[in-house]
Amino acid sequence: MIPLEADLSGAPSPPREAAAGPGRPRQLQASLLNALGDTPVVCLAGASRTGKTTVLQALRAELPAAAWHRFADPATQAAAAADPAGFLEGLPALALLDDLERVPALAPLLAAAAAGGRRLLFTTSRRLPGLAESLAGNLETFTLWPLAQAERQGSFPGLVDACFQGDPTRLRLEPLERQALLRRVLAGGYPEVGERTPAQRESWFHGYLAALVQGRLRDLTELREVHHLIKLLLLPATEPGPARRCRDLLEELHVMTALASGAGARTRWFNDAGLQAHLLGMAPAALETRPVLAAPLLETFAVMELVKTAPWSRSRPVLSHLRAGAQELVLLEDHRGQLAAFTVCAGATVQAEAFQGLRALRDRVGARLRAGVVLHPGEAPASAGPGLWALPLAALWAPSTPA
C-alpha cells in the first residue's frame with residue numbers, strides 16, 4: 001500500500017494546475033484564512049498539480065492587500081534567490097508565496113520575517129527540512145490532496161461524524177452502480193484529469209510521472225525513465241534499497257501518504273487511485289472482466305477519501321492503520337479516545353469473514369468502538385450486529401440526513 005507526492009523543481013514544467021472542480025472552492029480555503037488570522041506563517045503543502053496555485057489565487061481575491069509572488073516565474077525566482085533576506089524584508093505585512101521550494105534559501109529566514117510582524121502563506125510541493133523546528137509555535141501546515149469526491153460534487157460528507165455518533169447509516173445515500181464507481185476510481189482526484197477520456201487520462205498520468213522522474217527523483221536516485229519507477233513500485237513495500245528510497249521520496253513529495261501502524265511502523269498509500277491504476281497498468285476493461293483486480297484501487301480510494309475528509313468533520317479524528325489478522329483496518333480516534341474503524345471489501349456481496357478484523361477490534365476495545373464499517377462496491381447498506389455495518393463506498397461522500 002502506497003501514497004505519493006510530487007515536486008517538479010528542476011524538471012520541465014508541465015501545464016499549471018487547473019481549477020479545482022467546476023468552479024467550486026476547495027474545502028480548506030476557509031481554514032487557511034482562519035489560520036492567517038492568528039498564525040504568523042501558514043504552509044499549504046501538497047503534490048504538484050493538486051491545485052495549490054488555484055487556492056492561492058482564490059485567497060488573493062479575498063485578501064486584496066496581500067502581495068503575491070510566484071516562484072515558478074523565472075524573474076521572481078532569480079530575484080529572491082539572489083537576495084533572499086532583502087526579498088523578505090521588502091514584503092508588506094501580508095504575503096502569498098507560491099512554490100517556495102524553488103527558492104530554498106528563503107525557508108530558514110521565514111522565522112525572522114514572522115518575528116518582524118509579517119504574516120506569510122506559502123505553498124510547497126515537498127517537505128522543507130528544519131522548517132517546523134525553526135518556526136515552532138508560529139507555523140500551521142495544511143495538506144492539499146487531490147480532489148475528494150465530495151468536493152467534485154459540491155457536497156459535505158457526513159460519514160465520519162455519523163460514525164462517532166454511533167449510527168453511520170444517517171446518510172443520504174444515492175445508488176451508485178459498480179461501473180460508475182470504477183469510473184470515479186480511475187478518474188482519481190487530480191483536478192486536470194476528471195473530464196478526460198481514458199486515453200487522455202493515461203497520457204496525462206504518464207507525463208506526470210515522467211516529470212517526477214526527470215525532477216526530484218532523478219536528482220536523488222538513479223531513475224531515468226518512467227518504466228524504471230513503475231518497476232520499483234511493483235516491488236514489495238518492505239524491499240530495502242532503491243525501492244524503499246523511492247517510496248520515501250514520493251512521500252516527501254506528497255505523492256504517497258503514510259499512516260502510523262504501531263511500534264513506529266508506517267503504512268503507505270498512493271495519494272490517488274487513478275494514478276495507482278496507471279502505475280499498475282489497470283485498464284477499465286480488465287477491471288470489468290476480473291473484479292478482484294480492483295481490490296487495491298478500492299482500498300486506496302477509500303483510505304484517501306478518509307484522509308481528505310476526516311479533518312473537515314466536527315470530530316477531527318487522528319487516523320492510523322491496524323492489521324487485524326489478514327485484514328487492514330483504518331482507525332479514526334477522536335479527542336475522547338472513541339474509535340471508528342473501516343475496512344474495504346472488493347466484492348459487492350459482503351461475507352461474514354469481512355467483519356473478522358472489526359469484531360476482533362471490538363472485543364479488544366469494547367464500547368470505545370463507536371462504529372465498525374466494511375466499505376464495499378455494492379449499493380445497499382446493512383447491519384452486521386451491534387456496532388457493525390456494511391456500507392457502500394458512496395457513503396464516503398454522502399451528506400448527513402437531518403437529525
# chains A, B, ... in the order shown; residues from 1 in each chain; ligands from 1
call {"tool": "residues_around", "arguments": {"residues": "A:Ala348", "least_positions_apart": "2", "cutoff": "10 Å", "atoms": "only C-alpha atoms", "output": "PDB file with N, CA and C atoms, in the first residue's frame"}}
result
ATOM      1  N   ARG A 178     -21.624  -0.349  -9.818  1.00  0.00           N
ATOM      2  CA  ARG A 178     -20.193  -0.654  -9.740  1.00  0.00           C
ATOM      3  C   ARG A 178     -19.422   0.036 -10.856  1.00  0.00           C
ATOM      4  N   PRO A 291     -13.007  -8.547 -11.545  1.00  0.00           N
ATOM      5  CA  PRO A 291     -13.280  -7.582 -10.474  1.00  0.00           C
ATOM      6  C   PRO A 291     -12.274  -7.615  -9.335  1.00  0.00           C
ATOM      7  N   CYS A 345     -13.989  -4.147   1.342  1.00  0.00           N
ATOM      8  CA  CYS A 345     -14.272  -5.425   0.707  1.00  0.00           C
ATOM      9  C   CYS A 345     -14.478  -5.167  -0.784  1.00  0.00           C
ATOM     10  N   ALA A 346     -13.771  -5.882  -1.648  1.00  0.00           N
ATOM     11  CA  ALA A 346     -13.860  -5.628  -3.089  1.00  0.00           C
ATOM     12  C   ALA A 346     -15.114  -6.218  -3.715  1.00  0.00           C
ATOM     13  N   VAL A 350     -21.017  -8.783   0.760  1.00  0.00           N
ATOM     14  CA  VAL A 350     -20.118  -8.793   1.910  1.00  0.00           C
ATOM     15  C   VAL A 350     -20.358 -10.060   2.719  1.00  0.00           C
ATOM     16  N   GLN A 351     -19.340 -10.906   2.797  1.00  0.00           N
ATOM     17  CA  GLN A 351     -19.444 -12.146   3.551  1.00  0.00           C
ATOM     18  C   GLN A 351     -19.120 -11.905   5.023  1.00  0.00           C
ATOM     19  N   LEU A 375     -16.605  -1.173   3.974  1.00  0.00           N
ATOM     20  CA  LEU A 375     -16.975  -0.424   2.774  1.00  0.00           C
ATOM     21  C   LEU A 375     -16.893  -1.358   1.567  1.00  0.00           C
ATOM     22  N   HIS A 376     -17.897  -1.319   0.708  1.00  0.00           N
ATOM     23  CA  HIS A 376     -17.958  -2.263  -0.411  1.00  0.00           C
ATOM     24  C   HIS A 376     -18.514  -1.562  -1.645  1.00  0.00           C
ATOM     25  N   PRO A 377     -18.319  -2.153  -2.835  1.00  0.00           N
ATOM     26  CA  PRO A 377     -18.778  -1.509  -4.067  1.00  0.00           C
ATOM     27  C   PRO A 377     -20.229  -1.789  -4.424  1.00  0.00           C
ATOM     28  N   GLY A 378     -20.996  -2.333  -3.500  1.00  0.00           N
ATOM     29  CA  GLY A 378     -22.417  -2.542  -3.746  1.00  0.00           C
ATOM     30  C   GLY A 378     -23.210  -1.262  -3.527  1.00  0.00           C
ATOM     31  N   GLU A 379     -24.527  -1.404  -3.452  1.00  0.00           N
ATOM     32  CA  GLU A 379     -25.379  -0.220  -3.346  1.00  0.00           C
ATOM     33  C   GLU A 379     -26.196  -0.161  -2.060  1.00  0.00           C
ATOM     34  N   ALA A 380     -26.254  -1.251  -1.303  1.00  0.00           N
ATOM     35  CA  ALA A 380     -27.168  -1.280  -0.157  1.00  0.00           C
ATOM     36  C   ALA A 380     -26.403  -1.341   1.157  1.00  0.00           C
ATOM     37  N   PRO A 392     -22.012   0.974   1.343  1.00  0.00           N
ATOM     38  CA  PRO A 392     -21.423   1.187   0.021  1.00  0.00           C
ATOM     39  C   PRO A 392     -20.360   2.277   0.070  1.00  0.00           C
TER      40      PRO A 392
END
call {"tool": "residues_around", "arguments": {"residues": "stretch 110-122 of chain A", "least_positions_apart": "5", "cutoff": "8 Å", "atoms": "only C-alpha atoms", "output": "PyMOL selection string"}}
result
chain A and resi 36+39-44+88-89+91-100+134-135+138
call {"tool": "write_last_selection", "arguments": {"atoms": "C-alpha atoms", "output": "compact mmCIF listing (two decimals), in the first residue's frame"}}
result
# COMPACT_ATOMS: atom_id res chain seq x y z
CA LEU A 36 -3.76 33.54 8.81
CA THR A 39 -0.62 32.30 12.94
CA PRO A 40 2.40 34.15 11.51
CA VAL A 41 3.29 31.50 8.89
CA VAL A 42 0.88 29.15 7.14
CA CYS A 43 2.06 26.37 4.84
CA LEU A 44 -0.08 24.78 2.14
CA LEU A 88 11.58 39.04 2.57
CA GLU A 89 12.34 42.44 4.10
CA LEU A 91 7.38 42.23 1.66
CA PRO A 92 4.34 44.01 3.11
CA ALA A 93 2.51 42.86 6.23
CA LEU A 94 0.78 40.02 4.35
CA ALA A 95 2.24 37.99 1.51
CA LEU A 96 1.31 34.89 -0.51
CA LEU A 97 4.32 32.95 -1.79
CA ASP A 98 3.74 30.20 -4.35
CA ASP A 99 6.22 27.31 -4.85
CA LEU A 100 8.58 28.23 -2.02
CA SER A 134 12.67 26.94 13.25
CA LEU A 135 9.02 28.08 13.29
CA ASN A 138 4.47 30.04 14.64
call {"tool": "select_by_dssp", "arguments": {"residues": "stretch 238-344 of chain A", "states": "strand (DSSP E or B)", "output": "MDAnalysis selection string"}}
result
chainID A and resid 254:262 265:270 318:324 327:333 339:344
call {"tool": "write_last_selection", "arguments": {"atoms": "C-alpha atoms", "output": "CSV table (one decimal), in the first residue's frame"}}
result
chain,number,residue,atom,x,y,z
A,254,HIS,CA,3.2,14.0,-1.1
A,255,VAL,CA,2.5,11.6,-4.0
A,256,MET,CA,2.3,9.0,-1.3
A,257,THR,CA,1.0,9.3,2.3
A,258,ALA,CA,1.5,7.2,5.4
A,259,LEU,CA,-0.5,6.3,8.5
A,260,ALA,CA,1.1,5.2,11.7
A,261,SER,CA,0.8,1.4,12.2
A,262,GLY,CA,2.1,0.9,15.7
A,265,ALA,CA,5.9,1.3,11.7
A,266,ARG,CA,4.1,3.2,8.9
A,267,THR,CA,1.9,2.0,6.1
A,268,ARG,CA,1.8,3.9,2.8
A,269,TRP,CA,-0.7,4.5,0.1
A,270,PHE,CA,-0.7,6.4,-3.2
A,318,VAL,CA,-6.4,11.1,14.2
A,319,LEU,CA,-6.0,8.4,11.6
A,320,SER,CA,-3.9,5.3,12.0
A,321,HIS,CA,-3.6,1.8,10.5
A,322,LEU,CA,-4.0,-1.6,12.1
A,323,ARG,CA,-3.5,-5.1,10.7
A,324,ALA,CA,-6.1,-7.4,12.3
A,327,GLN,CA,-7.4,-7.6,7.3
A,328,GLU,CA,-6.3,-4.0,7.0
A,329,LEU,CA,-8.2,-1.5,9.2
A,330,VAL,CA,-8.1,2.3,9.2
A,331,LEU,CA,-8.7,3.6,12.7
A,332,LEU,CA,-10.1,7.0,13.5
A,333,GLU,CA,-9.7,8.2,17.1
A,339,LEU,CA,-12.9,4.9,17.7
A,340,ALA,CA,-14.3,4.4,14.3
A,341,ALA,CA,-12.8,1.6,12.1
A,342,PHE,CA,-13.0,0.9,8.4
A,343,THR,CA,-12.0,-1.9,6.1
A,344,VAL,CA,-12.7,-2.4,2.4
call {"tool": "residues_around", "arguments": {"residues": "stretch 302-311 of chain A", "least_positions_apart": "6", "cutoff": "7 Å", "atoms": "only C-alpha atoms", "output": "ChimeraX atom specification"}}
result
/A:145,148,160,271,317,396
call {"tool": "closest_residue", "arguments": {"among": "A:Leu128, A:Leu217, A:Leu280, A:Leu32", "to": "A:Leu233", "atoms": "only C-alpha atoms"}}
result
A:Leu280
call {"tool": "select_by_dssp", "arguments": {"residues": "stretch 210-305 of chain A", "states": "alpha helix (DSSP H)", "output": "ChimeraX atom specification"}}
result
/A:210-214,216-220,226-233,242-252,273-280,284-289,295-305
call {"tool": "write_last_selection", "arguments": {"atoms": "C-alpha atoms", "output": "PDB file, in the first residue's frame"}}
result
ATOM      1  CA  ALA A 210       7.840  11.491 -16.359  1.00  0.00           C
ATOM      2  CA  ALA A 211       8.125  14.950 -14.799  1.00  0.00           C
ATOM      3  CA  LEU A 212       8.721  13.340 -11.411  1.00  0.00           C
ATOM      4  CA  VAL A 213      11.449  11.104 -12.777  1.00  0.00           C
ATOM      5  CA  GLN A 214      13.121  13.983 -14.580  1.00  0.00           C
ATOM      6  CA  ARG A 216      13.493  15.331  -7.869  1.00  0.00           C
ATOM      7  CA  LEU A 217      13.686  11.554  -8.377  1.00  0.00           C
ATOM      8  CA  ARG A 218      16.423  11.922 -10.992  1.00  0.00           C
ATOM      9  CA  ASP A 219      18.443  14.095  -8.636  1.00  0.00           C
ATOM     10  CA  LEU A 220      18.288  11.684  -5.696  1.00  0.00           C
ATOM     11  CA  VAL A 226       9.066   6.128 -16.099  1.00  0.00           C
ATOM     12  CA  HIS A 227       9.175   2.357 -16.565  1.00  0.00           C
ATOM     13  CA  HIS A 228      12.058   2.212 -14.075  1.00  0.00           C
ATOM     14  CA  LEU A 229       9.878   3.963 -11.496  1.00  0.00           C
ATOM     15  CA  ILE A 230       6.959   1.632 -12.185  1.00  0.00           C
ATOM     16  CA  LYS A 231       9.206  -1.418 -11.846  1.00  0.00           C
ATOM     17  CA  LEU A 232      10.474  -0.221  -8.463  1.00  0.00           C
ATOM     18  CA  LEU A 233       6.985   0.481  -7.156  1.00  0.00           C
ATOM     19  CA  PRO A 242      16.146   1.692  -4.124  1.00  0.00           C
ATOM     20  CA  ALA A 243      12.510   0.584  -3.769  1.00  0.00           C
ATOM     21  CA  ARG A 244      12.216   1.906  -0.246  1.00  0.00           C
ATOM     22  CA  ARG A 245      14.206   5.050  -1.029  1.00  0.00           C
ATOM     23  CA  CYS A 246      11.902   5.741  -3.962  1.00  0.00           C
ATOM     24  CA  ARG A 247       8.834   5.443  -1.732  1.00  0.00           C
ATOM     25  CA  ASP A 248      10.453   7.727   0.828  1.00  0.00           C
ATOM     26  CA  LEU A 249      10.980  10.371  -1.842  1.00  0.00           C
ATOM     27  CA  LEU A 250       7.442  10.017  -3.136  1.00  0.00           C
ATOM     28  CA  GLU A 251       6.133  10.518   0.377  1.00  0.00           C
ATOM     29  CA  GLU A 252       8.313  13.616   0.708  1.00  0.00           C
ATOM     30  CA  ALA A 273      -6.312   5.671  -7.016  1.00  0.00           C
ATOM     31  CA  GLY A 274      -6.303   6.910 -10.612  1.00  0.00           C
ATOM     32  CA  LEU A 275      -2.548   7.386 -10.511  1.00  0.00           C
ATOM     33  CA  GLN A 276      -2.124   3.973  -8.886  1.00  0.00           C
ATOM     34  CA  ALA A 277      -4.226   2.364 -11.626  1.00  0.00           C
ATOM     35  CA  HIS A 278      -1.913   3.873 -14.236  1.00  0.00           C
ATOM     36  CA  LEU A 279       1.174   2.578 -12.422  1.00  0.00           C
ATOM     37  CA  LEU A 280      -0.327  -0.907 -12.170  1.00  0.00           C
ATOM     38  CA  PRO A 284     -11.111  -0.349 -17.379  1.00  0.00           C
ATOM     39  CA  ALA A 285     -11.821  -3.461 -19.437  1.00  0.00           C
ATOM     40  CA  ALA A 286      -9.628  -5.601 -17.185  1.00  0.00           C
ATOM     41  CA  LEU A 287     -11.425  -4.376 -14.079  1.00  0.00           C
ATOM     42  CA  GLU A 288     -14.774  -5.261 -15.640  1.00  0.00           C
ATOM     43  CA  THR A 289     -13.787  -8.820 -16.519  1.00  0.00           C
ATOM     44  CA  ALA A 295      -9.209  -4.506  -4.670  1.00  0.00           C
ATOM     45  CA  PRO A 296      -6.012  -2.418  -4.213  1.00  0.00           C
ATOM     46  CA  LEU A 297      -7.560   0.512  -6.054  1.00  0.00           C
ATOM     47  CA  LEU A 298     -10.724   0.448  -3.972  1.00  0.00           C
ATOM     48  CA  GLU A 299      -8.629   0.353  -0.808  1.00  0.00           C
ATOM     49  CA  THR A 300      -6.538   3.348  -1.875  1.00  0.00           C
ATOM     50  CA  PHE A 301      -9.684   5.184  -2.972  1.00  0.00           C
ATOM     51  CA  ALA A 302     -11.387   4.612   0.396  1.00  0.00           C
ATOM     52  CA  VAL A 303      -8.341   5.356   2.540  1.00  0.00           C
ATOM     53  CA  MET A 304      -7.627   8.613   0.726  1.00  0.00           C
ATOM     54  CA  GLU A 305     -11.254   9.740   0.958  1.00  0.00           C
TER      55      GLU A 305
END
call {"tool": "residues_around", "arguments": {"residues": "A:Pro198", "least_positions_apart": "4", "cutoff": "10 Å", "atoms": "only C-alpha atoms", "output": "mmCIF file with C-alpha atoms, in the first residue's frame"}}
result
data_model
loop_
_atom_site.group_PDB
_atom_site.id
_atom_site.type_symbol
_atom_site.label_atom_id
_atom_site.label_comp_id
_atom_site.auth_asym_id
_atom_site.auth_seq_id
_atom_site.Cartn_x
_atom_site.Cartn_y
_atom_site.Cartn_z
ATOM 1 C CA ARG A 183 -15.114 5.333 -13.337
ATOM 2 C CA LEU A 186 -9.985 5.511 -12.344
ATOM 3 C CA ALA A 187 -10.547 9.234 -12.868
ATOM 4 C CA VAL A 193 -7.866 14.615 -15.052
ATOM 5 C CA GLY A 194 -11.550 14.331 -14.175
ATOM 6 C CA GLU A 202 -3.307 7.694 -19.402
ATOM 7 C CA SER A 203 -1.287 10.269 -21.319
ATOM 8 C CA TRP A 204 -1.624 12.813 -18.500
ATOM 9 C CA ALA A 283 -7.340 -0.764 -17.872
ATOM 10 C CA PRO A 284 -11.111 -0.349 -17.379
#
call {"tool": "decode", "arguments": {"residues": "stretch 360-380 of chain A", "atoms": "N, CA and C atoms", "output": "PDB file, in the first residue's frame"}}
result
ATOM      1  N   ALA A 360     -12.739  -8.525  16.084  1.00  0.00           N
ATOM      2  CA  ALA A 360     -11.582  -8.679  16.975  1.00  0.00           C
ATOM      3  C   ALA A 360     -11.249  -7.354  17.648  1.00  0.00           C
ATOM      4  N   LEU A 361     -11.350  -6.261  16.904  1.00  0.00           N
ATOM      5  CA  LEU A 361     -11.096  -4.944  17.486  1.00  0.00           C
ATOM      6  C   LEU A 361     -12.147  -4.605  18.532  1.00  0.00           C
ATOM      7  N   ARG A 362     -13.414  -4.906  18.238  1.00  0.00           N
ATOM      8  CA  ARG A 362     -14.490  -4.621  19.199  1.00  0.00           C
ATOM      9  C   ARG A 362     -14.302  -5.423  20.484  1.00  0.00           C
ATOM     10  N   ASP A 363     -13.854  -6.665  20.330  1.00  0.00           N
ATOM     11  CA  ASP A 363     -13.609  -7.476  21.521  1.00  0.00           C
ATOM     12  C   ASP A 363     -12.491  -6.876  22.378  1.00  0.00           C
ATOM     13  N   ARG A 364     -11.537  -6.222  21.736  1.00  0.00           N
ATOM     14  CA  ARG A 364     -10.401  -5.672  22.456  1.00  0.00           C
ATOM     15  C   ARG A 364     -10.720  -4.342  23.111  1.00  0.00           C
ATOM     16  N   VAL A 365     -11.461  -3.464  22.420  1.00  0.00           N
ATOM     17  CA  VAL A 365     -11.649  -2.095  22.937  1.00  0.00           C
ATOM     18  C   VAL A 365     -13.046  -1.855  23.489  1.00  0.00           C
ATOM     19  N   GLY A 366     -13.976  -2.772  23.269  1.00  0.00           N
ATOM     20  CA  GLY A 366     -15.315  -2.631  23.830  1.00  0.00           C
ATOM     21  C   GLY A 366     -16.073  -1.430  23.305  1.00  0.00           C
ATOM     22  N   ALA A 367     -16.680  -0.687  24.216  1.00  0.00           N
ATOM     23  CA  ALA A 367     -17.561   0.430  23.846  1.00  0.00           C
ATOM     24  C   ALA A 367     -16.812   1.603  23.224  1.00  0.00           C
ATOM     25  N   ARG A 368     -15.493   1.597  23.321  1.00  0.00           N
ATOM     26  CA  ARG A 368     -14.745   2.676  22.652  1.00  0.00           C
ATOM     27  C   ARG A 368     -14.983   2.656  21.152  1.00  0.00           C
ATOM     28  N   LEU A 369     -15.274   1.510  20.574  1.00  0.00           N
ATOM     29  CA  LEU A 369     -15.535   1.414  19.146  1.00  0.00           C
ATOM     30  C   LEU A 369     -16.975   1.833  18.875  1.00  0.00           C
ATOM     31  N   ARG A 370     -17.121   3.031  18.372  1.00  0.00           N
ATOM     32  CA  ARG A 370     -18.462   3.558  18.104  1.00  0.00           C
ATOM     33  C   ARG A 370     -19.059   2.967  16.835  1.00  0.00           C
ATOM     34  N   ALA A 371     -18.207   2.647  15.862  1.00  0.00           N
ATOM     35  CA  ALA A 371     -18.717   2.071  14.619  1.00  0.00           C
ATOM     36  C   ALA A 371     -17.595   1.321  13.920  1.00  0.00           C
ATOM     37  N   GLY A 372     -17.906   0.130  13.452  1.00  0.00           N
ATOM     38  CA  GLY A 372     -17.010  -0.644  12.603  1.00  0.00           C
ATOM     39  C   GLY A 372     -17.678  -0.824  11.256  1.00  0.00           C
ATOM     40  N   VAL A 373     -17.010  -0.413  10.185  1.00  0.00           N
ATOM     41  CA  VAL A 373     -17.655  -0.335   8.871  1.00  0.00           C
ATOM     42  C   VAL A 373     -16.847  -1.104   7.834  1.00  0.00           C
ATOM     43  N   VAL A 374     -17.533  -1.984   7.100  1.00  0.00           N
ATOM     44  CA  VAL A 374     -16.965  -2.587   5.898  1.00  0.00           C
ATOM     45  C   VAL A 374     -17.495  -1.794   4.708  1.00  0.00           C
ATOM     46  N   LEU A 375     -16.605  -1.173   3.974  1.00  0.00           N
ATOM     47  CA  LEU A 375     -16.975  -0.424   2.774  1.00  0.00           C
ATOM     48  C   LEU A 375     -16.893  -1.358   1.567  1.00  0.00           C
ATOM     49  N   HIS A 376     -17.897  -1.319   0.708  1.00  0.00           N
ATOM     50  CA  HIS A 376     -17.958  -2.263  -0.411  1.00  0.00           C
ATOM     51  C   HIS A 376     -18.514  -1.562  -1.645  1.00  0.00           C
ATOM     52  N   PRO A 377     -18.319  -2.153  -2.835  1.00  0.00           N
ATOM     53  CA  PRO A 377     -18.778  -1.509  -4.067  1.00  0.00           C
ATOM     54  C   PRO A 377     -20.229  -1.789  -4.424  1.00  0.00           C
ATOM     55  N   GLY A 378     -20.996  -2.333  -3.500  1.00  0.00           N
ATOM     56  CA  GLY A 378     -22.417  -2.542  -3.746  1.00  0.00           C
ATOM     57  C   GLY A 378     -23.210  -1.262  -3.527  1.00  0.00           C
ATOM     58  N   GLU A 379     -24.527  -1.404  -3.452  1.00  0.00           N
ATOM     59  CA  GLU A 379     -25.379  -0.220  -3.346  1.00  0.00           C
ATOM     60  C   GLU A 379     -26.196  -0.161  -2.060  1.00  0.00           C
ATOM     61  N   ALA A 380     -26.254  -1.251  -1.303  1.00  0.00           N
ATOM     62  CA  ALA A 380     -27.168  -1.280  -0.157  1.00  0.00           C
ATOM     63  C   ALA A 380     -26.403  -1.341   1.157  1.00  0.00           C
TER      64      ALA A 380
END
